[in-house]
Each structure stands twice: as C-alpha cells, then as structure tokens.
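So this block is coords.txt, compact mmCIF, C-alpha atoms and all ligand atoms:
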```
# COMPACT_ATOMS: atom_id res chain seq x y z
CA MET X 242 -28.23 6.72 -109.02
CA SER X 243 -25.48 4.91 -110.86
CA GLY X 244 -26.02 1.50 -112.38
CA ARG X 245 -29.09 -0.22 -113.72
CA TYR X 246 -32.40 0.21 -111.96
CA LEU X 247 -35.07 -2.36 -112.85
CA THR X 248 -37.79 0.21 -113.39
CA ASP X 249 -39.86 -2.29 -115.36
CA LEU X 250 -40.23 -4.67 -112.38
CA ALA X 251 -43.89 -3.79 -111.77
CA SER X 252 -44.87 -4.30 -115.39
CA VAL X 253 -42.95 -7.58 -115.54
CA CYS X 254 -44.90 -8.83 -112.52
CA ARG X 255 -48.21 -7.68 -113.97
CA GLY X 256 -47.32 -9.37 -117.24
CA ALA X 257 -47.08 -12.63 -115.29
CA GLY X 258 -50.71 -12.19 -114.25
CA LEU X 259 -49.83 -11.29 -110.66
CA ASP X 260 -51.54 -8.74 -108.44
CA VAL X 261 -49.03 -5.95 -107.88
CA VAL X 262 -48.67 -3.27 -105.21
CA GLU X 263 -46.10 -0.57 -105.93
CA VAL X 264 -44.44 0.82 -102.80
CA ASN X 265 -43.94 4.56 -103.07
CA GLY X 266 -40.48 5.45 -104.41
CA TRP X 267 -39.54 1.92 -105.48
CA GLN X 268 -38.10 3.05 -108.81
CA THR X 269 -35.18 4.85 -107.11
CA ARG X 270 -34.79 2.70 -103.98
CA ALA X 271 -31.49 0.79 -103.55
CA ARG X 272 -28.79 -0.15 -101.09
CA SER X 273 -25.81 2.23 -100.87
CA SER X 274 -24.13 0.62 -103.89
CA GLY X 275 -26.98 1.80 -106.13
CA GLY X 276 -28.12 -0.01 -109.26
CA TYR X 277 -26.90 -3.19 -110.93
CA GLY X 278 -23.65 -3.42 -112.87
CA THR X 279 -23.37 -4.41 -116.51
CA GLY X 280 -24.80 -7.85 -117.28
CA ARG X 281 -26.65 -8.08 -113.98
CA PRO X 282 -28.86 -9.22 -112.31
CA THR X 283 -27.82 -12.81 -112.95
CA THR X 284 -29.62 -14.55 -110.08
CA VAL X 285 -33.03 -14.73 -108.43
CA MET X 286 -32.78 -15.29 -104.68
CA VAL X 287 -35.72 -16.90 -102.88
CA HIS X 288 -36.38 -16.19 -99.19
CA HIS X 289 -38.95 -16.23 -96.46
CA THR X 290 -39.31 -13.37 -94.00
CA ALA X 291 -39.44 -15.40 -90.77
CA SER X 292 -42.21 -13.07 -89.65
CA GLY X 293 -45.65 -14.06 -88.46
CA ALA X 294 -48.94 -13.78 -90.28
CA SER X 295 -49.90 -10.64 -88.34
CA ALA X 296 -47.15 -8.78 -90.22
CA ASP X 297 -48.37 -9.96 -93.62
CA GLY X 298 -48.46 -7.24 -96.26
CA TRP X 299 -47.77 -3.72 -95.11
CA GLY X 300 -46.15 -4.76 -91.82
CA ASP X 301 -43.41 -6.72 -93.59
CA VAL X 302 -43.09 -4.18 -96.39
CA ASN X 303 -42.74 -1.32 -93.93
CA TYR X 304 -39.79 -3.11 -92.33
CA ILE X 305 -38.22 -4.04 -95.70
CA CYS X 306 -38.37 -0.50 -97.10
CA TYR X 307 -38.29 1.80 -94.05
CA GLY X 308 -37.79 0.08 -90.71
CA SER X 309 -34.72 -2.12 -91.04
CA PRO X 310 -31.28 -0.60 -90.44
CA ASP X 311 -30.22 -2.55 -93.57
CA LYS X 312 -33.09 -1.30 -95.72
CA PRO X 313 -34.02 -2.03 -98.42
CA LEU X 314 -34.11 -5.73 -97.60
CA SER X 315 -35.48 -7.00 -100.89
CA ASN X 316 -36.58 -5.98 -104.36
CA LEU X 317 -39.90 -7.78 -104.07
CA TYR X 318 -42.20 -9.03 -101.33
CA LEU X 319 -44.70 -11.83 -101.85
CA ASP X 320 -47.60 -11.83 -99.40
CA ARG X 321 -49.69 -14.78 -98.29
CA GLN X 322 -52.42 -14.05 -100.84
CA GLY X 323 -49.85 -14.27 -103.63
CA SER X 324 -49.68 -10.53 -104.34
CA VAL X 325 -46.34 -8.98 -105.19
CA TRP X 326 -45.20 -5.74 -103.55
CA VAL X 327 -42.55 -3.94 -105.58
CA CYS X 328 -40.09 -2.46 -103.07
CA ALA X 329 -36.86 -1.51 -104.85
CA ALA X 330 -35.48 -1.31 -108.40
CA GLY X 331 -31.80 -1.14 -107.40
CA CYS X 332 -29.64 -3.61 -105.48
CA THR X 333 -30.86 -4.62 -102.01
CA ASN X 334 -29.45 -6.13 -98.81
CA THR X 335 -31.17 -9.50 -99.04
CA ASN X 336 -28.44 -12.10 -99.02
CA GLY X 337 -25.39 -11.27 -96.88
CA LYS X 338 -22.23 -13.31 -96.82
CA GLY X 339 -22.08 -16.57 -98.70
CA SER X 340 -20.71 -18.39 -101.69
CA ASP X 341 -21.89 -19.60 -105.07
CA THR X 342 -21.38 -23.37 -105.22
CA TRP X 343 -23.43 -23.93 -108.39
CA GLY X 344 -21.31 -22.15 -110.99
CA GLY X 345 -23.47 -19.05 -111.23
CA GLY X 346 -20.47 -16.74 -111.45
CA VAL X 347 -21.14 -14.71 -108.29
CA PRO X 348 -18.03 -13.78 -106.24
CA ASN X 349 -18.02 -14.59 -102.53
CA ASP X 350 -20.13 -12.28 -100.36
CA SER X 351 -21.33 -10.33 -103.42
CA MET X 352 -24.81 -11.70 -104.04
CA ASN X 353 -26.54 -8.45 -103.14
CA SER X 354 -25.23 -6.77 -106.28
CA TYR X 355 -26.00 -9.78 -108.52
CA ALA X 356 -29.47 -10.89 -107.45
CA ILE X 357 -33.07 -9.87 -107.49
CA GLY X 358 -34.12 -10.66 -103.92
CA ILE X 359 -37.62 -11.88 -103.09
CA GLU X 360 -38.89 -12.03 -99.51
CA ALA X 361 -42.08 -14.03 -99.01
CA GLY X 362 -44.24 -13.85 -95.90
CA ASN X 363 -43.83 -17.03 -93.84
CA ASN X 364 -42.78 -17.65 -90.27
CA GLY X 365 -40.27 -20.30 -91.34
CA VAL X 366 -41.06 -22.66 -88.48
CA GLY X 367 -43.81 -24.74 -89.98
CA GLU X 368 -46.40 -22.25 -91.20
CA LYS X 369 -48.21 -23.77 -94.16
CA TRP X 370 -47.61 -21.89 -97.40
CA PRO X 371 -50.95 -20.99 -99.00
CA TRP X 372 -51.39 -22.48 -102.44
CA GLU X 373 -51.86 -19.07 -104.07
CA GLN X 374 -48.54 -17.92 -102.62
CA GLN X 375 -46.74 -21.03 -103.91
CA ILE X 376 -48.11 -20.61 -107.42
CA SER X 377 -47.27 -16.91 -107.40
CA TYR X 378 -43.71 -17.71 -106.32
CA LEU X 379 -43.29 -19.93 -109.39
CA ALA X 380 -44.93 -17.41 -111.70
CA LEU X 381 -42.79 -14.60 -110.31
CA CYS X 382 -39.48 -16.45 -110.62
CA ARG X 383 -40.38 -17.62 -114.12
CA ALA X 384 -41.27 -14.11 -115.27
CA LEU X 385 -38.08 -12.61 -113.81
CA CYS X 386 -35.90 -15.26 -115.47
CA ASP X 387 -37.59 -14.91 -118.83
CA HIS X 388 -37.61 -11.12 -118.85
CA TYR X 389 -34.09 -10.49 -117.55
CA GLY X 390 -32.45 -13.45 -119.28
CA ILE X 391 -31.63 -15.26 -116.04
CA SER X 392 -30.96 -19.01 -116.18
CA TYR X 393 -33.48 -21.14 -114.26
CA ASN X 394 -30.43 -22.78 -112.68
CA ASN X 395 -29.69 -19.43 -111.02
CA VAL X 396 -32.96 -19.41 -109.07
CA ARG X 397 -31.52 -20.12 -105.64
CA GLY X 398 -32.65 -20.39 -102.06
CA HIS X 399 -30.93 -18.32 -99.40
CA PHE X 400 -29.75 -21.50 -97.68
CA GLU X 401 -27.95 -22.56 -100.85
CA TRP X 402 -25.91 -19.35 -100.69
CA ALA X 403 -25.40 -19.33 -96.92
CA PRO X 404 -25.93 -22.90 -95.67
CA THR X 405 -24.36 -22.34 -92.26
CA ARG X 406 -26.51 -19.30 -91.47
CA LYS X 407 -29.80 -19.74 -93.28
CA VAL X 408 -32.63 -22.26 -93.79
CA ASP X 409 -34.92 -20.21 -96.02
CA PRO X 410 -37.05 -20.88 -97.93
CA ALA X 411 -38.57 -23.55 -95.72
CA GLY X 412 -41.87 -24.96 -94.63
CA PRO X 413 -44.87 -27.05 -95.70
CA SER X 414 -45.39 -26.65 -99.43
CA ALA X 415 -45.01 -28.56 -102.66
CA TRP X 416 -41.26 -28.58 -101.97
CA ALA X 417 -40.92 -29.53 -98.30
CA ALA X 418 -42.69 -31.09 -95.35
CA GLY X 419 -42.62 -29.84 -91.79
CA SER X 420 -40.15 -27.03 -91.27
CA ALA X 421 -37.53 -28.42 -93.67
CA SER X 422 -35.82 -26.23 -96.23
CA TRP X 423 -37.34 -26.52 -99.68
CA ASN X 424 -36.02 -28.95 -102.26
CA MET X 425 -34.72 -26.26 -104.59
CA ASN X 426 -34.04 -28.72 -107.41
CA HIS X 427 -37.76 -29.43 -107.45
CA PHE X 428 -38.58 -25.75 -107.15
CA ARG X 429 -36.32 -24.90 -110.10
CA SER X 430 -37.84 -27.72 -112.12
CA ASP X 431 -41.32 -26.32 -111.41
CA VAL X 432 -40.19 -22.82 -112.41
CA LYS X 433 -38.92 -24.28 -115.67
CA ASP X 434 -42.15 -26.19 -116.28
CA TYR X 435 -44.47 -23.39 -115.16
CA LEU X 436 -46.93 -22.51 -117.88
CA PRO X 437 -47.81 -18.83 -117.87
CA PRO X 438 -51.53 -18.23 -118.44
CA GLU X 439 -52.40 -17.74 -122.08
CA PRO X 440 -53.04 -14.10 -122.86
CA THR X 441 -56.70 -13.37 -123.47
CA PRO X 442 -57.03 -12.73 -127.19
CA SER X 443 -58.40 -9.34 -128.11
CA PRO X 444 -61.80 -9.40 -129.74
CA PRO X 445 -61.46 -8.81 -133.47
CA THR X 446 -61.80 -5.15 -134.38
CA GLN X 447 -65.18 -4.09 -135.60
CA GLU X 448 -64.49 -2.35 -138.89
CA ASP X 449 -67.89 -3.12 -140.31
CA ASP X 450 -70.85 -5.39 -139.75
CA ASP X 451 -69.05 -8.36 -141.22
CA MET X 452 -66.36 -8.00 -138.57
CA VAL X 453 -68.71 -8.47 -135.61
CA PRO X 454 -67.64 -11.75 -134.01
CA PHE X 455 -70.21 -14.26 -132.91
CA LEU X 456 -70.39 -17.72 -131.47
CA ILE X 457 -71.75 -20.71 -133.28
CA ARG X 458 -72.89 -23.89 -131.65
CA ASN X 459 -73.42 -27.21 -133.38
CA ASN X 460 -76.87 -28.28 -132.18
CA GLU X 461 -76.03 -31.95 -132.62
CA THR X 462 -72.64 -32.09 -130.92
CA GLY X 463 -72.82 -28.97 -128.72
CA GLY X 464 -69.48 -27.89 -130.22
CA VAL X 465 -68.77 -24.17 -130.10
CA ALA X 466 -66.57 -21.94 -132.22
CA LEU X 467 -65.90 -18.24 -132.62
CA VAL X 468 -66.61 -16.78 -136.03
CA TYR X 469 -65.26 -13.44 -137.11
CA GLY X 470 -64.10 -11.49 -140.12
CA GLU X 471 -64.87 -13.14 -143.40
CA GLY X 472 -66.33 -16.24 -141.82
CA LYS X 473 -63.07 -17.31 -140.19
CA VAL X 474 -63.59 -19.77 -137.40
CA THR X 475 -61.35 -20.17 -134.39
CA GLY X 476 -61.57 -21.68 -130.93
CA LEU X 477 -62.43 -25.07 -129.61
CA ASP X 478 -64.72 -26.31 -132.34
CA GLY X 479 -66.22 -29.48 -131.01
CA ASP X 480 -65.45 -28.65 -127.40
CA SER X 481 -67.90 -27.59 -124.71
CA LEU X 482 -68.97 -24.01 -124.06
CA PRO X 483 -67.68 -24.07 -120.44
CA ALA X 484 -64.28 -25.29 -121.70
CA PHE X 485 -64.31 -22.60 -124.36
CA ILE X 486 -65.06 -19.87 -121.81
CA GLN X 487 -62.47 -21.24 -119.38
CA ARG X 488 -59.84 -21.00 -122.07
CA TYR X 489 -60.75 -17.77 -123.80
CA GLY X 490 -62.61 -15.86 -121.11
CA ASN X 491 -66.05 -14.38 -121.09
CA PHE X 492 -65.36 -11.38 -123.24
CA ILE X 493 -67.86 -12.32 -125.90
CA ASP X 494 -71.23 -11.05 -124.72
CA MET X 495 -73.18 -11.90 -127.83
CA PRO X 496 -75.66 -14.77 -127.51
CA PRO X 497 -74.72 -17.97 -129.27
CA VAL X 498 -76.41 -18.55 -132.60
CA THR X 499 -76.91 -21.78 -134.43
CA TYR X 500 -75.36 -23.22 -137.53
CA ASN X 501 -78.62 -22.43 -139.25
CA ASP X 502 -78.18 -18.75 -138.38
CA PHE X 503 -74.61 -18.93 -139.54
CA ALA X 504 -75.66 -20.44 -142.83
CA ALA X 505 -78.32 -17.78 -143.25
CA LYS X 506 -75.69 -15.11 -142.72
CA GLY X 507 -73.95 -16.44 -145.78
CA GLY X 508 -70.55 -17.10 -144.24
ZN ZN I 1 -33.23 -15.09 -96.53
```

Would you mind writing the file's structure down as structure tokens?
Amino acid sequence: MSGRYLTDLASVCRGAGLDVVEVNGWQTRARSSGGYGTGRPTTVMVHHTASGASADGWGDVNYICYGSPDKPLSNLYLDRQGSVWVCAAGCTNTNGKGSDTWGGGVPNDSMNSYAIGIEAGNNGVGEKWPWEQQISYLALCRALCDHYGISYNNVRGHFEWAPTRKVDPAGPSAWAAGSASWNMNHFRSDVKDYLPPEPTPSPPTQEDDDMVPFLIRNNETGGVALVYGEGKVTGLDGDSLPAFIQRYGNFIDMPPVTYNDFAAKGG
C-alpha cells in the first residue's frame, strides 16, 4: 500500500451531483505498482468499454475489478444511466503503451501511474451514448480536474495516447457521429465550460420565531422572494414561482403569503 490512494473519489463524485456505487474494497484496490507517486495523478483518461449493453453495470464492473487478468482495469466506471461506480483508489491498468504528444509530462508507456482511468459502457461500434451518460462524463471529468488540480488540457481520450491501437472514446454523441472517435478538443472545451449544479442553499436556522423563513408573492406582478431572519429578502424577486423552485428546490414547505401578510408581520 505505498503511494497515494484516492480514498476521496466517491465523495468527489457525489459532490458533482452524480449517483455513486462503491464497489467493495475500492479504497485499497490498485495495480501491482500500488498508489500514485508524488504530484500525481496528472491526467484523466477517457475510455469506452467496447462491451454491449447487456453487460452494463455490474457485468462490466465485475470484469474491471475481478474478472480481467489485468484487473483493476479502471478507477471509475460510468454506466449508461450516468451513474459512477468507484472501482479502485490506486493506479489501474487502463491505458497500456503509448505516448504523450500534448505536453502533459507523462513518460512513454507510463500513463497507468499518472492517470485516473474512466471506463464508460458503450460498444464502441455505433451505439448511441445516452444523454445522461454524456452529461455525467462531463460532470465527472470536471469534478476530477477541479478536485485534484488536473489541467483540463490533460483530459485525454485513449486514442490520443495510443492512436495506432485504440479508437476510444467513440460513437454517436455530442462529440462524434457514427462510430468515429470523439472530437476531444470539443470534449475538453465542454468540460471547461461545464457548469456544476448550484448547491441547494440550506434553509436558514430557526433560532426563534423571527427566523422562520417564508415566501412572499407580489400579487400584482406574481414575483416571489424568500424572506428570513430580520426581514432579509433573497431569491428571484420578480421572477416566477416555477423558476424560483427550479433554481432553489422545493425545500420550503410553507405556503406563500402575500405582501399584505408580510407588512402585517412588521418586517
Ligand atoms: Zn481505452
């Protein structure tokens, strides 16, 4: 167990708003070289499994963690519903021989000890990537880069590392048509531009009656705002209630009151 094990992988994925499945023993799972060296991981490697839909989920994960002679085959697995399975916290055998042509600082044939490897369920010969899986791939890469201090430029497809051996990731998606390999410049650009969902604000604490939050609605304009504390108002004043709920969630279960009620409460 030498080197760095990414034992916060599951929480990083959850922090990105992703559904997470933790595969038993992932915190100590690694290839024979163990954990990551100092200053690593430096790269996020993007793959597809080249396995069919019938293997989605546990079938693929079973092979990645237990069945393959080169296990573990990846740190993370992304299924077709967009859920992330956390497979291994140490280095994995995801990438094989290849070379870094983009200035990422990875020596030849050494990517396995520099990268977080992600395998995503797709047959690689034209299977359409579900939208949820595409969005999750962006969210996942973005969260890994931001948390581990990895440059977006070091989010790389397997075929960029090993162009004579590999085509993955490939297939119909926002980044390719037919069975072509993805346009990774576009993928990286989308990772960079991806907007993580805004965290749902906690309801204000209820220290006394004055701290109970409530909604106000302007009867003339329909505008809604959240009032809490000493009459502080936040939210989308002037916007619609559906827009307000879409943005802030449905955590406020108090019925809306009117400006008249608000005035009567004395601010
Ligand atoms: Zn691959």

Which residues of chain X come within 8 Å of ligand ZN 1 (chain I), and what is each one's closest atom pair and distance in Å (one decimal), counting all atoms listed in the file, sorted by chain and residue number, as a tab-separated table?
```
residue	atom	partner	partner_atom	distance
X:Val287	CA	I:ZN1	ZN	7.1
X:His288	CA	I:ZN1	ZN	4.3
X:His289	CA	I:ZN1	ZN	5.8
X:Thr290	CA	I:ZN1	ZN	6.8
X:Thr335	CA	I:ZN1	ZN	6.5
X:Asn336	CA	I:ZN1	ZN	6.2
X:Glu360	CA	I:ZN1	ZN	7.1
X:Gly398	CA	I:ZN1	ZN	7.7
X:His399	CA	I:ZN1	ZN	4.9
X:Phe400	CA	I:ZN1	ZN	7.4
X:Lys407	CA	I:ZN1	ZN	6.6
X:Val408	CA	I:ZN1	ZN	7.7
X:Asp409	CA	I:ZN1	ZN	5.4
X:Pro410	CA	I:ZN1	ZN	7.1
```

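All protein and nucleic acid residues in the vicinity of (-42.3, -17.7, -89.6), that is within 7 Å when counting all atoms listed in the file, are X:Thr290, X:Ala291, X:Ser292, X:Gly293, X:Asn363, X:Asn364, X:Gly365, X:Val366, X:Glu368.
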
I'd like the neighbourhood of stretch 377-393 of chain X as an mmCIF file with C-alpha atoms, in the coordinates of the input, where a residue qualifies if any of its atoms comes within 10 Å (using all atoms listed in the file), though same-chain residues fewer than 4 positions away should be ignored.
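For reference, selection01.cif as written:
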```
data_model
loop_
_atom_site.group_PDB
_atom_site.id
_atom_site.type_symbol
_atom_site.label_atom_id
_atom_site.label_comp_id
_atom_site.auth_asym_id
_atom_site.auth_seq_id
_atom_site.Cartn_x
_atom_site.Cartn_y
_atom_site.Cartn_z
ATOM 1 C CA LEU X 247 -35.070 -2.360 -112.850
ATOM 2 C CA ASP X 249 -39.860 -2.290 -115.360
ATOM 3 C CA LEU X 250 -40.230 -4.670 -112.380
ATOM 4 C CA VAL X 253 -42.950 -7.580 -115.540
ATOM 5 C CA CYS X 254 -44.900 -8.830 -112.520
ATOM 6 C CA ARG X 255 -48.210 -7.680 -113.970
ATOM 7 C CA GLY X 256 -47.320 -9.370 -117.240
ATOM 8 C CA ALA X 257 -47.080 -12.630 -115.290
ATOM 9 C CA GLY X 258 -50.710 -12.190 -114.250
ATOM 10 C CA LEU X 259 -49.830 -11.290 -110.660
ATOM 11 C CA ASP X 260 -51.540 -8.740 -108.440
ATOM 12 C CA GLY X 280 -24.800 -7.850 -117.280
ATOM 13 C CA ARG X 281 -26.650 -8.080 -113.980
ATOM 14 C CA PRO X 282 -28.860 -9.220 -112.310
ATOM 15 C CA THR X 283 -27.820 -12.810 -112.950
ATOM 16 C CA THR X 284 -29.620 -14.550 -110.080
ATOM 17 C CA VAL X 285 -33.030 -14.730 -108.430
ATOM 18 C CA MET X 286 -32.780 -15.290 -104.680
ATOM 19 C CA VAL X 287 -35.720 -16.900 -102.880
ATOM 20 C CA LEU X 317 -39.900 -7.780 -104.070
ATOM 21 C CA LEU X 319 -44.700 -11.830 -101.850
ATOM 22 C CA ASP X 320 -47.600 -11.830 -99.400
ATOM 23 C CA ARG X 321 -49.690 -14.780 -98.290
ATOM 24 C CA GLN X 322 -52.420 -14.050 -100.840
ATOM 25 C CA GLY X 323 -49.850 -14.270 -103.630
ATOM 26 C CA SER X 324 -49.680 -10.530 -104.340
ATOM 27 C CA VAL X 325 -46.340 -8.980 -105.190
ATOM 28 C CA GLY X 345 -23.470 -19.050 -111.230
ATOM 29 C CA ALA X 356 -29.470 -10.890 -107.450
ATOM 30 C CA ILE X 357 -33.070 -9.870 -107.490
ATOM 31 C CA ILE X 359 -37.620 -11.880 -103.090
ATOM 32 C CA ALA X 361 -42.080 -14.030 -99.010
ATOM 33 C CA TRP X 372 -51.390 -22.480 -102.440
ATOM 34 C CA GLU X 373 -51.860 -19.070 -104.070
ATOM 35 C CA ARG X 397 -31.520 -20.120 -105.640
ATOM 36 C CA PHE X 428 -38.580 -25.750 -107.150
ATOM 37 C CA ARG X 429 -36.320 -24.900 -110.100
ATOM 38 C CA SER X 430 -37.840 -27.720 -112.120
ATOM 39 C CA ASP X 431 -41.320 -26.320 -111.410
ATOM 40 C CA VAL X 432 -40.190 -22.820 -112.410
ATOM 41 C CA LYS X 433 -38.920 -24.280 -115.670
ATOM 42 C CA ASP X 434 -42.150 -26.190 -116.280
ATOM 43 C CA TYR X 435 -44.470 -23.390 -115.160
ATOM 44 C CA LEU X 436 -46.930 -22.510 -117.880
ATOM 45 C CA PRO X 437 -47.810 -18.830 -117.870
ATOM 46 C CA PRO X 438 -51.530 -18.230 -118.440
#
```

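Reported to one decimal place, the separation of atom CA of X:Ala330 from atom CA of X:Gly276 is 7.5 Å.
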
- prompt: If we count all atoms listed in the file, what is near X:Val327 at a cut-off of 8 Å, once residues fewer than 6 positions away on the same chain are taken out, given as a PyMOL selection string?
  reply: chain X and resi 250-251+261-264+267+316-318

Could those selected residues go to a file with C-alpha atoms, as a compact mmCIF listing (two decimals), in the frame of the given file?
```txt
# COMPACT_ATOMS: atom_id res chain seq x y z
CA LEU X 250 -40.23 -4.67 -112.38
CA ALA X 251 -43.89 -3.79 -111.77
CA VAL X 261 -49.03 -5.95 -107.88
CA VAL X 262 -48.67 -3.27 -105.21
CA GLU X 263 -46.10 -0.57 -105.93
CA VAL X 264 -44.44 0.82 -102.80
CA TRP X 267 -39.54 1.92 -105.48
CA ASN X 316 -36.58 -5.98 -104.36
CA LEU X 317 -39.90 -7.78 -104.07
CA TYR X 318 -42.20 -9.03 -101.33
```

- line: From atom CA of X:Tyr304 to atom CA of X:Gly337 the spacing works out at 17.2 Å

task: Would you work out the distance separating atom CA of X:Gln374 from atom CA of X:Pro413, expressed in Å to one decimal?
output: 12.0 Å

Selected residue, from X:Gln375, X:Asn265, X:Ser315, X:Asn395, that lies nearest to X:Val347 when counting only C-alpha atoms: X:Asn395

Centre, edges in Å (one decimal): axis-aligned box, stretch 373-380 of chain X, 5 Å padding on all six sides, as AutoDock Vina command-line options:
```
--center_x -47.6 --center_y -19.0 --center_z -107.2 --size_x 18.6 --size_y 14.1 --size_z 19.1
```
